[in-house]
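J.: Structure file target.txt (compact mmCIF, C-alpha atoms and all ligand atoms) is given on the next line.
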```txt
# COMPACT_ATOMS: atom_id res chain seq x y z
CA MET Q 30 12.69 -23.88 -3.50
CA ARG Q 31 12.43 -21.12 -0.95
CA ARG Q 32 13.42 -17.66 -2.14
CA LYS Q 33 13.66 -14.66 0.10
CA LEU Q 34 11.52 -11.92 -1.42
CA PHE Q 35 12.86 -8.44 -2.10
CA ILE Q 36 9.98 -7.76 -4.49
CA PRO Q 37 7.26 -5.16 -3.86
CA GLY Q 38 4.68 -7.71 -2.83
CA PRO Q 39 4.14 -10.31 -1.72
CA THR Q 40 6.90 -9.81 0.83
CA GLU Q 41 8.73 -12.09 3.25
CA VAL Q 42 6.49 -13.60 5.90
CA ARG Q 43 8.26 -14.64 9.10
CA ASP Q 44 8.03 -18.21 10.38
CA GLU Q 45 6.27 -17.08 13.55
CA ILE Q 46 3.40 -15.72 11.49
CA LEU Q 47 3.23 -18.70 9.15
CA GLU Q 48 3.02 -20.98 12.16
CA ALA Q 49 0.39 -18.80 13.82
CA MET Q 50 -1.78 -19.21 10.72
CA SER Q 51 -2.18 -22.92 11.26
CA ILE Q 52 -5.29 -22.73 13.44
CA TYR Q 53 -8.63 -24.54 13.78
CA MET Q 54 -11.49 -22.54 12.34
CA PHE Q 55 -14.19 -20.86 14.39
CA GLY Q 56 -17.43 -19.32 13.22
CA HIS Q 57 -17.53 -15.69 12.15
CA ARG Q 58 -20.73 -15.28 14.19
CA SER Q 59 -19.12 -16.69 17.33
CA SER Q 60 -17.97 -14.75 20.38
CA ASP Q 61 -14.44 -15.97 19.61
CA PHE Q 62 -14.58 -14.02 16.37
CA SER Q 63 -16.04 -10.90 18.02
CA GLU Q 64 -13.25 -11.00 20.59
CA LEU Q 65 -10.66 -11.25 17.84
CA PHE Q 66 -12.30 -8.36 15.96
CA ASN Q 67 -12.32 -6.27 19.14
CA ARG Q 68 -8.61 -6.90 19.62
CA VAL Q 69 -7.62 -6.22 16.02
CA VAL Q 70 -9.62 -3.11 15.13
CA PRO Q 71 -8.27 -0.81 17.88
CA LYS Q 72 -4.73 -1.90 17.06
CA VAL Q 73 -5.20 -1.13 13.35
CA GLN Q 74 -6.68 2.25 14.32
CA LYS Q 75 -3.65 2.96 16.49
CA ALA Q 76 -1.25 1.98 13.69
CA LEU Q 77 -3.06 4.29 11.28
CA TYR Q 78 -3.48 7.13 13.81
CA THR Q 79 -7.22 7.17 13.28
CA GLY Q 80 -10.56 6.83 15.03
CA ASN Q 81 -12.25 5.87 11.74
CA LYS Q 82 -13.97 2.55 11.15
CA ILE Q 83 -11.77 -0.19 9.77
CA PHE Q 84 -12.92 -2.25 6.79
CA LEU Q 85 -11.36 -5.73 6.88
CA ALA Q 86 -12.07 -6.85 3.33
CA THR Q 87 -11.51 -10.33 2.01
CA SER Q 88 -10.04 -9.28 -1.31
CA SER Q 89 -6.85 -7.86 -2.70
CA SER Q 90 -6.17 -4.10 -2.54
CA THR Q 91 -7.68 -3.56 -5.96
CA GLY Q 92 -11.07 -4.50 -4.51
CA LEU Q 93 -10.86 -1.57 -2.12
CA MET Q 94 -9.64 0.76 -4.88
CA GLU Q 95 -12.87 -0.10 -6.68
CA ALA Q 96 -14.93 0.15 -3.49
CA SER Q 97 -13.71 3.62 -2.67
CA VAL Q 98 -14.64 5.20 -6.00
CA ARG Q 99 -17.97 3.37 -6.16
CA ASN Q 100 -18.98 4.55 -2.68
CA CYS Q 101 -17.60 8.05 -2.70
CA SER Q 102 -18.66 9.76 -5.90
CA ASN Q 103 -21.89 10.68 -7.64
CA LYS Q 104 -20.42 13.69 -9.41
CA LYS Q 105 -16.88 13.39 -10.81
CA VAL Q 106 -13.64 11.73 -9.69
CA LEU Q 107 -10.21 13.27 -10.23
CA ASN Q 108 -7.68 10.47 -10.86
CA CYS Q 109 -4.09 11.56 -10.10
CA MET Q 110 -1.91 9.47 -12.42
CA CYS Q 111 1.86 8.94 -12.31
CA GLY Q 112 2.48 5.22 -12.89
CA ALA Q 113 0.88 1.81 -13.37
CA PHE Q 114 -1.17 1.65 -10.16
CA SER Q 115 -2.46 5.21 -10.24
CA ASP Q 116 -3.25 4.68 -13.94
CA ARG Q 117 -5.12 1.52 -12.93
CA TRP Q 118 -7.34 3.53 -10.57
CA ASN Q 119 -8.44 5.61 -13.55
CA GLY Q 120 -9.21 2.38 -15.42
CA ILE Q 121 -11.23 1.14 -12.45
CA THR Q 122 -13.16 4.42 -12.23
CA LYS Q 123 -14.07 4.17 -15.91
CA ALA Q 124 -14.95 0.48 -15.61
CA CYS Q 125 -17.42 1.47 -12.87
CA ASN Q 126 -19.05 3.92 -15.29
CA LEU Q 127 -18.20 6.89 -13.11
CA GLU Q 128 -17.53 10.38 -14.41
CA CYS Q 129 -13.83 11.16 -14.13
CA ASP Q 130 -10.96 13.32 -15.29
CA GLN Q 131 -7.21 12.73 -15.34
CA LEU Q 132 -4.42 14.65 -13.67
CA LYS Q 133 -1.53 12.97 -15.40
CA VAL Q 134 2.24 13.36 -15.14
CA GLU Q 135 5.02 11.37 -16.74
CA TRP Q 136 6.05 8.07 -15.06
CA GLY Q 137 8.71 8.85 -12.46
CA LYS Q 138 7.38 12.35 -11.75
CA ALA Q 139 5.42 13.31 -8.65
CA ILE Q 140 1.94 14.77 -8.28
CA LYS Q 141 2.45 18.30 -6.94
CA PRO Q 142 0.04 20.16 -4.64
CA GLU Q 143 -0.48 23.08 -7.02
CA MET Q 144 -1.61 20.70 -9.78
CA VAL Q 145 -4.28 19.24 -7.51
CA ASP Q 146 -5.32 22.70 -6.32
CA GLU Q 147 -5.78 23.94 -9.88
CA LYS Q 148 -7.98 20.98 -10.83
CA LEU Q 149 -10.09 21.05 -7.67
CA SER Q 150 -10.65 24.80 -7.89
CA THR Q 151 -12.97 24.14 -10.86
CA GLY Q 152 -15.50 22.73 -8.38
CA GLU Q 153 -16.24 19.81 -10.71
CA PHE Q 154 -15.14 17.03 -8.38
CA ASP Q 155 -16.42 15.22 -5.31
CA ALA Q 156 -13.52 12.74 -4.90
CA ILE Q 157 -9.87 12.34 -5.78
CA THR Q 158 -7.82 9.17 -6.08
CA PHE Q 159 -4.23 9.51 -4.95
CA VAL Q 160 -1.57 6.80 -4.83
CA HIS Q 161 0.82 7.59 -1.99
CA ASN Q 162 3.61 5.26 -3.06
CA GLU Q 163 3.70 4.47 -6.79
CA THR Q 164 5.21 0.98 -6.71
CA SER Q 165 5.82 0.80 -10.46
CA THR Q 166 8.20 3.77 -10.47
CA GLY Q 167 9.50 3.73 -6.88
CA LEU Q 168 8.08 7.17 -6.27
CA MET Q 169 6.55 8.53 -3.09
CA ASN Q 170 4.11 11.37 -3.71
CA PRO Q 171 4.03 14.28 -1.24
CA LEU Q 172 1.04 13.10 0.81
CA GLU Q 173 1.32 15.76 3.49
CA GLU Q 174 1.43 18.65 1.01
CA ILE Q 175 -1.52 17.25 -0.93
CA ALA Q 176 -3.42 16.82 2.36
CA GLU Q 177 -2.93 20.56 3.00
CA VAL Q 178 -4.58 21.36 -0.33
CA MET Q 179 -7.42 18.94 0.41
CA LYS Q 180 -8.29 20.95 3.53
CA LYS Q 181 -9.47 23.75 1.22
CA TYR Q 182 -12.00 21.35 -0.33
CA PRO Q 183 -14.00 19.68 2.46
CA ASP Q 184 -16.63 18.43 0.00
CA VAL Q 185 -14.08 16.45 -1.99
CA LEU Q 186 -13.37 12.99 -0.58
CA PHE Q 187 -9.70 12.13 -0.25
CA LEU Q 188 -9.12 8.51 -1.37
CA VAL Q 189 -5.60 7.26 -0.77
CA ASP Q 190 -3.97 4.06 -2.00
CA ALA Q 191 -1.28 3.36 0.58
CA VAL Q 192 -0.88 -0.22 -0.58
CA SER Q 193 2.90 -0.22 -0.67
CA SER Q 194 3.53 2.31 2.12
CA MET Q 195 1.09 1.52 4.94
CA MET Q 196 3.13 0.19 7.90
CA GLY Q 197 6.39 1.13 6.16
CA VAL Q 198 5.89 4.89 6.34
CA LYS Q 199 4.04 6.90 8.98
CA ILE Q 200 0.58 7.89 7.75
CA GLU Q 201 -1.43 9.89 10.26
CA VAL Q 202 -4.85 9.35 8.74
CA ASP Q 203 -6.92 11.70 10.90
CA LYS Q 204 -4.40 14.51 10.94
CA LEU Q 205 -4.14 14.31 7.14
CA GLY Q 206 -7.92 14.11 6.72
CA ILE Q 207 -7.84 10.96 4.61
CA ASP Q 208 -11.34 9.62 3.99
CA VAL Q 209 -10.33 6.20 2.69
CA CYS Q 210 -6.81 4.91 3.32
CA LEU Q 211 -6.39 1.43 1.87
CA ALA Q 212 -3.81 -1.33 1.55
CA GLY Q 213 -3.40 -5.06 1.13
CA VAL Q 214 -1.52 -7.01 3.79
CA GLN Q 215 1.05 -8.60 1.45
CA LYS Q 216 3.32 -5.55 1.29
CA CYS Q 217 4.64 -3.64 4.33
CA TRP Q 218 2.31 -5.53 6.65
CA ALA Q 219 4.33 -8.66 5.79
CA LEU Q 220 1.42 -11.10 5.77
CA PRO Q 221 0.40 -13.48 2.99
CA PRO Q 222 -1.95 -11.97 0.35
CA GLY Q 223 -5.72 -12.26 0.75
CA LEU Q 224 -6.84 -9.51 3.13
CA ALA Q 225 -7.19 -5.79 2.44
CA ILE Q 226 -7.59 -3.07 5.06
CA ALA Q 227 -9.06 0.41 4.84
CA SER Q 228 -9.88 3.14 7.28
CA VAL Q 229 -13.17 4.76 6.22
CA SER Q 230 -14.28 8.15 7.55
CA GLU Q 231 -17.83 9.00 8.65
CA LYS Q 232 -17.84 11.47 5.77
CA ALA Q 233 -17.22 8.63 3.32
CA ILE Q 234 -19.96 6.50 4.89
CA GLU Q 235 -22.41 9.43 4.77
CA LYS Q 236 -21.52 10.03 1.13
CA SER Q 237 -22.05 6.36 0.37
CA LYS Q 238 -25.61 6.69 1.70
CA GLN Q 239 -26.34 9.15 -1.09
CA VAL Q 240 -24.78 7.04 -3.83
CA THR Q 241 -26.74 4.46 -5.80
CA GLY Q 242 -25.52 1.67 -8.06
CA LYS Q 243 -22.50 0.87 -5.88
CA GLY Q 244 -23.02 -2.91 -5.76
CA TYR Q 245 -23.25 -5.03 -2.61
CA TYR Q 246 -19.95 -6.71 -1.66
CA PHE Q 247 -18.06 -3.47 -1.11
CA ASP Q 248 -20.92 -1.20 -0.01
CA PHE Q 249 -19.50 0.81 2.90
CA VAL Q 250 -22.91 1.06 4.58
CA THR Q 251 -23.66 -2.67 4.37
CA MET Q 252 -20.11 -3.66 5.26
CA LEU Q 253 -19.39 -1.15 8.02
CA GLU Q 254 -22.74 -0.56 9.72
CA LYS Q 255 -24.76 -3.75 9.55
CA TYR Q 256 -22.57 -5.90 11.84
CA TRP Q 257 -20.28 -3.27 13.34
CA ASP Q 258 -22.03 -3.20 16.73
CA LYS Q 259 -21.71 -6.98 16.93
CA SER Q 260 -17.97 -6.71 16.20
CA GLN Q 261 -18.34 -8.86 13.13
CA THR Q 262 -17.94 -8.60 9.40
CA THR Q 263 -21.02 -8.73 7.15
CA THR Q 264 -19.82 -11.70 5.11
CA THR Q 265 -17.48 -14.57 5.98
CA PRO Q 266 -14.00 -13.10 6.22
CA THR Q 267 -10.61 -14.70 5.92
CA ILE Q 268 -10.49 -15.58 9.60
CA THR Q 269 -6.97 -16.98 9.32
CA HIS Q 270 -5.61 -13.66 8.05
CA ILE Q 271 -7.36 -11.65 10.74
CA TYR Q 272 -5.88 -13.99 13.32
CA ALA Q 273 -2.42 -13.49 11.81
CA LEU Q 274 -2.99 -9.73 11.62
CA ASP Q 275 -3.58 -9.68 15.37
CA LYS Q 276 -0.26 -11.45 15.96
CA GLN Q 277 1.53 -9.22 13.48
CA LEU Q 278 0.20 -6.07 15.16
CA ASP Q 279 1.66 -7.30 18.45
CA ARG Q 280 5.01 -7.77 16.72
CA ILE Q 281 4.73 -4.31 15.15
CA PHE Q 282 4.04 -2.61 18.51
CA ALA Q 283 6.82 -4.62 20.15
CA GLU Q 284 9.23 -3.11 17.62
CA GLY Q 285 7.56 0.28 17.93
CA LEU Q 286 5.91 2.15 15.04
CA ASP Q 287 8.60 4.82 14.77
CA ASN Q 288 11.33 2.15 14.83
CA ARG Q 289 9.54 0.27 12.10
CA PHE Q 290 9.28 3.38 9.90
CA ASN Q 291 12.91 4.24 10.61
CA ARG Q 292 14.06 0.76 9.68
CA HIS Q 293 12.33 1.15 6.32
CA LEU Q 294 14.09 4.46 5.74
CA GLN Q 295 17.49 3.01 6.69
CA MET Q 296 17.06 0.08 4.32
CA ALA Q 297 15.98 2.41 1.51
CA ASN Q 298 18.93 4.73 2.18
CA TYR Q 299 21.33 1.82 1.90
CA VAL Q 300 19.87 0.77 -1.47
CA ARG Q 301 19.87 4.38 -2.76
CA ASP Q 302 23.49 4.94 -1.83
CA TRP Q 303 24.45 1.77 -3.63
CA ALA Q 304 22.25 2.61 -6.64
CA ASN Q 305 23.73 6.10 -6.94
CA GLN Q 306 27.23 4.64 -6.88
CA TYR Q 307 26.69 2.03 -9.59
CA PHE Q 308 23.48 3.03 -11.40
CA GLU Q 309 20.98 5.90 -11.14
CA MET Q 310 17.69 6.26 -9.34
CA PHE Q 311 14.70 6.30 -11.71
CA PRO Q 312 12.23 8.71 -10.06
CA GLU Q 313 12.48 12.43 -9.66
CA GLU Q 314 14.90 13.39 -6.90
CA GLY Q 315 13.26 14.27 -3.61
CA TYR Q 316 10.47 11.73 -4.13
CA TRP Q 317 12.31 8.44 -3.73
CA SER Q 318 10.21 5.80 -2.03
CA ASN Q 319 11.18 4.47 1.39
CA THR Q 320 9.73 1.07 0.57
CA VAL Q 321 10.78 0.30 -3.01
CA SER Q 322 13.72 1.63 -4.97
CA CYS Q 323 13.33 1.77 -8.72
CA ILE Q 324 16.77 1.87 -10.32
CA LYS Q 325 17.70 2.77 -13.89
CA ASN Q 326 19.63 -0.01 -15.54
CA THR Q 327 22.33 2.36 -16.79
CA ARG Q 328 24.84 -0.52 -17.19
CA GLY Q 329 22.51 -2.47 -19.43
CA ILE Q 330 22.93 -5.66 -17.43
CA SER Q 331 20.45 -8.48 -18.00
CA ILE Q 332 18.01 -8.21 -15.11
CA LYS Q 333 16.57 -11.58 -16.08
CA ASP Q 334 19.97 -13.29 -15.76
CA LEU Q 335 20.78 -11.44 -12.54
CA ASN Q 336 17.54 -12.62 -11.01
CA LYS Q 337 18.18 -16.16 -12.17
CA GLU Q 338 21.56 -16.16 -10.43
CA LEU Q 339 20.04 -14.58 -7.32
CA GLY Q 340 17.34 -17.23 -7.45
CA ASN Q 341 19.96 -20.00 -7.37
CA ARG Q 342 21.19 -18.46 -4.13
CA GLY Q 343 17.70 -18.15 -2.64
CA TYR Q 344 16.94 -14.47 -3.30
CA THR Q 345 14.58 -12.58 -5.65
CA ILE Q 346 14.37 -8.96 -6.74
CA SER Q 347 11.94 -7.41 -9.21
CA ASN Q 348 12.41 -6.31 -12.77
CA GLY Q 349 10.90 -3.05 -13.98
CA TYR Q 350 7.13 -2.74 -14.24
CA GLY Q 351 5.43 -3.35 -17.60
CA LYS Q 352 7.00 -1.15 -20.23
CA MET Q 353 10.14 -0.61 -18.09
CA LYS Q 354 10.94 -4.31 -17.64
CA GLU Q 355 14.62 -4.24 -18.63
CA GLU Q 356 15.25 -0.48 -18.41
CA THR Q 357 14.76 -0.48 -14.66
CA PHE Q 358 14.76 -2.93 -11.77
CA ARG Q 359 13.27 -2.70 -8.30
CA ILE Q 360 14.43 -3.65 -4.85
CA ALA Q 361 11.75 -3.61 -2.18
CA THR Q 362 12.66 -2.74 1.38
CA MET Q 363 9.32 -3.67 2.85
CA GLY Q 364 7.78 -5.32 5.83
CA ASP Q 365 9.90 -7.29 8.26
CA LEU Q 366 13.15 -7.28 6.28
CA THR Q 367 16.22 -6.03 8.13
CA LEU Q 368 19.14 -3.86 7.09
CA ASP Q 369 21.42 -6.92 7.40
CA GLU Q 370 19.30 -8.82 4.91
CA ILE Q 371 19.47 -5.88 2.49
CA LYS Q 372 23.26 -5.81 2.86
CA GLU Q 373 23.43 -9.54 2.11
CA LEU Q 374 21.37 -9.02 -1.02
CA ILE Q 375 23.45 -6.08 -2.24
CA ASP Q 376 26.69 -8.02 -1.63
CA LEU Q 377 25.33 -10.83 -3.77
CA ILE Q 378 24.33 -8.47 -6.57
CA ASN Q 379 27.81 -6.92 -6.51
CA GLU Q 380 29.31 -10.37 -6.78
CA ILE Q 381 27.03 -11.64 -9.57
CA ALA Q 382 27.08 -8.47 -11.68
CA GLN Q 383 30.80 -7.94 -10.91
CA LEU Q 384 30.36 -4.35 -9.80
C1 LIG Y 1 0.39 -3.89 -5.23
C2 LIG Y 1 -0.33 -2.62 -5.46
C3 LIG Y 1 -1.69 -2.58 -5.82
C4 LIG Y 1 -2.47 -3.80 -6.17
O1 LIG Y 1 -2.62 -4.63 -5.10
P1 LIG Y 1 -3.42 -6.01 -5.18
O2 LIG Y 1 -3.35 -6.45 -3.77
O3 LIG Y 1 -2.67 -6.88 -6.14
O4 LIG Y 1 -4.79 -5.74 -5.63
C5 LIG Y 1 -2.31 -1.35 -5.90
N1 LIG Y 1 -1.64 -0.21 -5.67
C6 LIG Y 1 -0.33 -0.21 -5.34
C7 LIG Y 1 0.36 1.10 -5.12
C8 LIG Y 1 0.36 -1.40 -5.22
O5 LIG Y 1 1.66 -1.39 -4.90
```
Here is the file; what I need is its structure written in the form of structure tokens.
Ligand SMILES: *Cc1c(COP(=O)(O)O)cnc(C)c1O
T.:
Amino acid sequence: MRRKLFIPGPTEVRDEILEAMSIYMFGHRSSDFSELFNRVVPKVQKALYTGNKIFLATSSSTGLMEASVRNCSNKKVLNCMCGAFSDRWNGITKACNLECDQLKVEWGKAIKPEMVDEKLSTGEFDAITFVHNETSTGLMNPLEEIAEVMKKYPDVLFLVDAVSSMMGVKIEVDKLGIDVCLAGVQKCWALPPGLAIASVSEKAIEKSKQVTGKGYYFDFVTMLEKYWDKSQTTTTPTITHIYALDKQLDRIFAEGLDNRFNRHLQMANYVRDWANQYFEMFPEEGYWSNTVSCIKNTRGISIKDLNKELGNRGYTISNGYGKMKEETFRIATMGDLTLDEIKELIDLINEIAQL
């Protein structure tokens, strides 16, 4: 049965895109592919406000989280941790046998610029991992303020997971000085899972040249220099996704980037107003995410039963992440969803939970 997704990934994919994905294959060394690559890359750069190279990786976002630490550090990584995904990046860093240290706050709290400044002032680090939008807690960290601090430390690479915010929130990569800005396409990009995208700065590629033991599949130098001039990827990519990405970028520009970001904010505002009336928002005030609202289950309703009832009507929301499964629930306002669809969902929840 078809269920409309209000979960933080994968998100709703529109029929137009699904239909566009039903194409005959062509070779990734063909001129057809190079033409596609040459159409897609400048559009991604425009959407991310960057002139940096674009890594189209056939993997999920986690692959690029691993890639960025493996390529960008031969000294010590600072992992900023405030929820499940930022905690995961610390786990990845350790699993790659890299030196690292934790900057850790309680789940639901934000990473503040002064905390980062204090850690970096020790001079121990050459990279930091920073999750812009912590999907597990519905918290948006203050990217712009952190970027200001990063300007004091030009030798520290700024690695940003924008998995659940890219294309839902404006991220001006070059202005913010982000060295690696990564995401998967199954969240605010509103495409099926299977492709991950990162902008990678020259500084990150130069750093990668000095780093050994970084593996092959995600080596920035091998992946971004070897075939770049031919407008191709180094290994066989998910051609179907790149084709769909091209179509989706046209749809995104037809709506307009600012309109898209505004629509996300409007949808989030609607959910927050409702949540504040009947429940409570989980994260620290002032840091509520524009793409996923994490709501405290102050009424002690059964989220499992609610979702079952929603499911019977063709809708799905998300329970809390991991340890917060029943204490919180999450409503994603991501991708191509509209305010009307959010209103429909909220009306249904009101009806089912008798609010
Ligand atoms: C979904 C998500 C990930 C993991 O993405 P995969 O595509 O499953 O690897 C990482 N970080 C954040 C913030 C996410 O929301």
J.: Let me see if you get this right: every residue at most 9 Å from ligand LIG 1 (chain Y), counting only C-alpha atoms and all ligand atoms, written as a PyMOL selection string.
T.: chain Q and resi 37-39+88-94+113-115+117-118+160-165+190-194+212-216+222-225
J.: Counting all atoms listed in the file, what is within 10 Å of Gly315 of chain Q, bar same-chain residues fewer than 2 positions away, as an MDAnalysis selection string?
T.: chainID Q and resid 139 168:171 312:313 317:318
J.: Grab the atom CA of Asp376 of chain Q to atom CA of Glu309 of chain Q distance for me, in Å with one decimal place.
T.: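 Atom CA of Asp376 of chain Q sits 17.8 Å away from atom CA of Glu309 of chain Q.
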J.: For a cutoff of 9 Å around the file-coordinate point (-9.0, 6.6, 5.6), which residues qualify once you count all atoms listed in the file? I'd like the result as a PyMOL selection string.
T.: chain Q and resi 77+79+81-83+187-189+202-203+206-211+227-230+233
J.: Can you tell me, as a PyMOL selection string, what residues are no more than 7 Å from Arg359 of chain Q when counting all atoms listed in the file, ignoring any on the same chain fewer than 2 positions away?
T.: chain Q and resi 321-324+346-349+357+361
J.: Excluding same-chain residues fewer than 6 positions from Ala219 of chain Q, what lies within 7 Å of it counting only C-alpha atoms, as a PyMOL selection string?
T.: chain Q and resi 40-42+364-365
J.: Show which residues sit within 9 Å of Phe247 of chain Q, as a short mmCIF file (atom, residue, chain, number, x, y, z; two decimals) with C-alpha atoms, in the coordinates of the input. Count all atoms listed in the file, and ignore same-chain residues fewer than 5 positions away.
T.:
```
data_model
loop_
_atom_site.label_atom_id
_atom_site.label_comp_id
_atom_site.auth_asym_id
_atom_site.auth_seq_id
_atom_site.Cartn_x
_atom_site.Cartn_y
_atom_site.Cartn_z
CA ALA Q 86 -12.07 -6.85 3.33
CA GLY Q 92 -11.07 -4.50 -4.51
CA LEU Q 93 -10.86 -1.57 -2.12
CA GLU Q 95 -12.87 -0.10 -6.68
CA ALA Q 96 -14.93 0.15 -3.49
CA SER Q 97 -13.71 3.62 -2.67
CA ARG Q 99 -17.97 3.37 -6.16
CA ASN Q 100 -18.98 4.55 -2.68
CA MET Q 252 -20.11 -3.66 5.26
#
```
J.: In terms of the shortest atom-to-atom distance over all atoms listed in the file, which of Q:Asn126, Q:Thr87, Q:Asn288, Q:Asn379 is closest to Thr267 of chain Q?
T.: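 Distance minimum relative to Thr267 of chain Q lands on Q:Thr87.
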J.: What separation in Å, quoted to one decimal, exists between atom CA of Asp184 of chain Q and atom CA of Lys204 of chain Q?
T.: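 Atom CA of Lys204 of chain Q lies at a distance of 16.9 Å from atom CA of Asp184 of chain Q.
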J.: So how far away is atom CA of Leu377 of chain Q from atom CA of Thr166 of chain Q, in Å?
T.: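 A separation of 23.5 Å between them.
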J.: Please put the answer as AutoDock Vina command-line options: centre and edge lengths, in Å with one decimal, of a box along x, y and z that encloses all listed atoms of segment 298-311 of chain Q plus 5 Å on each side.
T.:
```
--center_x 21.0 --center_y 3.5 --center_z -4.8 --size_x 22.5 --size_y 15.5 --size_z 23.9
```
J.: At a cut-off of 10 Å from (-12.6, 10.5, -8.0) in the coordinates of the file, what residues are picked up using all atoms listed in the file, written as a PyMOL selection string?
T.: chain Q and resi 97-99+101-109+118-119+122+127-131+154-159+185-188
J.: Using only C-alpha atoms, which protein or nucleic acid residues come within 12 Å of Pro71 of chain Q? Drop anything in the same chain fewer than 3 positions from it, and give the result as a list in words.
T.: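 Residues meeting the cut-off are Glu64, Leu65, Phe66, Asn67, Arg68, Gln74, Lys75, Ala76, Leu77, Tyr78, Thr79, Gly80, Asn81, Lys82, Ile83, Ser228, Ser260, Asp275, Leu278 and Asp279 of chain Q.
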J.: Here is a test: counting all atoms listed in the file, which residue of Q:Lys138, Q:Val178, Q:Tyr299, Q:Gly197 is nearest to Leu368 of chain Q?
T.: Q:Tyr299
